[in-house]
Amino acid sequence: MKKRDKVSTRHEAIKELIKTHPIEDQQTLVSMIKNQYGIDTNQSIVSRDLRALGIGKHKVGSQMVYEVPEHDASREILRLAIADISHNENTIVVKTLPGLASFVADYLDLQENTQIMATLAGENVVIVIPSSTAITNELFSHMSGLLYFKKADELNKPMEEPEEVHE
């Protein structure tokens, strides 16, 4: 099974478990994923998955339990997080609000068909290395769509859906 398929399957298992069980901690979630879906994972992976899915804890009765958001929190965070995206011939730089670079890098790492070789996140900057310098411009455009980002001079133009990057 491909990494992308494993992540997607694990994400679906997490969402289903949280929707159907009052889960208070990540270790319980790890155990339930293993017992009910046969997926081996650990707390740190589940923690990243929860953040990527926009799942947080909410008070239900006297318990603090995980809850799947009704709206796409990741999309809202991305819309608000990105300050600027720029590039040169071999690197793309994503500037974020303080503390959000790792969220943006995790989001990019989970995307399919992006031709990203690596991401490196600091406090408010993500460095993106394309798999080839020949696709930097194309990847820049694709990423701008994925991250719901438009430069100030493009705000009056309609936003198009991101296209797949081709080698």
# chains A, B, ... in the order shown; residues from 1 in each chain; ligands from 1

$ residues_around --residues "Ile14 in chain A" --least-positions-apart "4" --cutoff "10 Å" --atoms "only C-alpha atoms" --output "tab-separated table (two decimals) with C-alpha atoms, in the first residue's frame"
chain	number	residue	atom	x	y	z
A	8	SER	CA	-5.90	8.38	3.76
A	9	THR	CA	-7.08	5.09	5.31
A	10	ARG	CA	-5.79	6.15	8.74
A	18	ILE	CA	-14.13	10.13	16.71
A	19	LYS	CA	-17.62	10.49	15.24
A	29	LEU	CA	-7.33	6.58	19.76
A	30	VAL	CA	-4.11	4.71	18.84
A	32	MET	CA	-8.82	1.80	18.87
A	33	ILE	CA	-7.24	2.29	15.43
A	37	TYR	CA	-8.95	-1.25	11.84
A	46	VAL	CA	-1.97	10.42	15.39
A	49	ASP	CA	-3.14	13.43	11.73
A	50	LEU	CA	-5.45	15.21	14.18
A	53	LEU	CA	-7.68	16.98	9.88
A	55	ILE	CA	-9.75	17.86	14.83
A	68	VAL	CA	-14.57	16.23	13.86

$ residues_around --residues "range 21-27 of chain A" --least-positions-apart "2" --cutoff "9 Å" --atoms "only C-alpha atoms" --output "PyMOL selection string"
chain A and resi 16-19+29-32+42-44+46-47+57+60+63-67

$ select_by_dssp --residues "chain A" --states "strand (DSSP E or B)" --output "ChimeraX atom specification"
/A:56-60,63-67,82-87,92-96,116-121,125-130

$ write_last_selection --atoms "C-alpha atoms" --output "short mmCIF file (atom, residue, chain, number, x, y, z; two decimals), in the first residue's frame"
data_model
loop_
_atom_site.label_atom_id
_atom_site.label_comp_id
_atom_site.auth_asym_id
_atom_site.auth_seq_id
_atom_site.Cartn_x
_atom_site.Cartn_y
_atom_site.Cartn_z
CA GLY A 56 -9.72 19.36 18.29
CA LYS A 57 -11.15 18.70 21.72
CA HIS A 58 -14.49 20.06 22.85
CA LYS A 59 -16.39 19.79 26.10
CA VAL A 60 -19.23 17.28 25.94
CA GLN A 63 -15.60 15.25 29.31
CA MET A 64 -13.16 16.87 26.88
CA VAL A 65 -13.42 14.70 23.77
CA TYR A 66 -12.16 14.90 20.20
CA GLU A 67 -14.66 16.19 17.66
CA ILE A 82 -0.34 32.57 4.33
CA ALA A 83 1.31 36.00 4.20
CA ASP A 84 3.20 35.54 0.90
CA ILE A 85 4.49 32.95 -1.55
CA SER A 86 7.50 33.62 -3.76
CA HIS A 87 10.02 31.61 -5.72
CA ILE A 92 9.61 28.19 -3.26
CA VAL A 93 9.26 30.21 -0.05
CA VAL A 94 5.95 30.36 1.82
CA LYS A 95 5.75 33.07 4.49
CA THR A 96 3.12 32.50 7.18
CA ILE A 116 7.56 18.36 -3.85
CA MET A 117 10.89 16.78 -2.92
CA ALA A 118 10.95 18.29 0.58
CA THR A 119 9.57 20.94 2.87
CA LEU A 120 11.37 22.61 5.76
CA ALA A 121 9.38 24.65 8.26
CA VAL A 125 8.60 30.34 6.82
CA VAL A 126 8.31 27.14 4.80
CA ILE A 127 11.02 26.31 2.27
CA VAL A 128 9.73 24.04 -0.51
CA ILE A 129 12.15 22.17 -2.75
CA PRO A 130 10.62 21.01 -6.07
#

$ closest_residue --among "A:Ser141, A:Thr114, A:Thr41, A:Ser102" --to "Leu78 in chain A" --atoms "only C-alpha atoms"
A:Ser102

$ atom_distance --atom1 "CA of Glu123 in chain A" --atom2 "CA of Gln111 in chain A"
21.1 Å

$ atom_distance --atom1 "CA of Arg48 in chain A" --atom2 "CA of Arg4 in chain A"
14.5 Å

$ residues_around --residues "range 133-135 of chain A" --least-positions-apart "3" --cutoff "6 Å" --atoms "only C-alpha atoms" --output "list in words"
Asn90, Glu138 and Leu139 of chain A
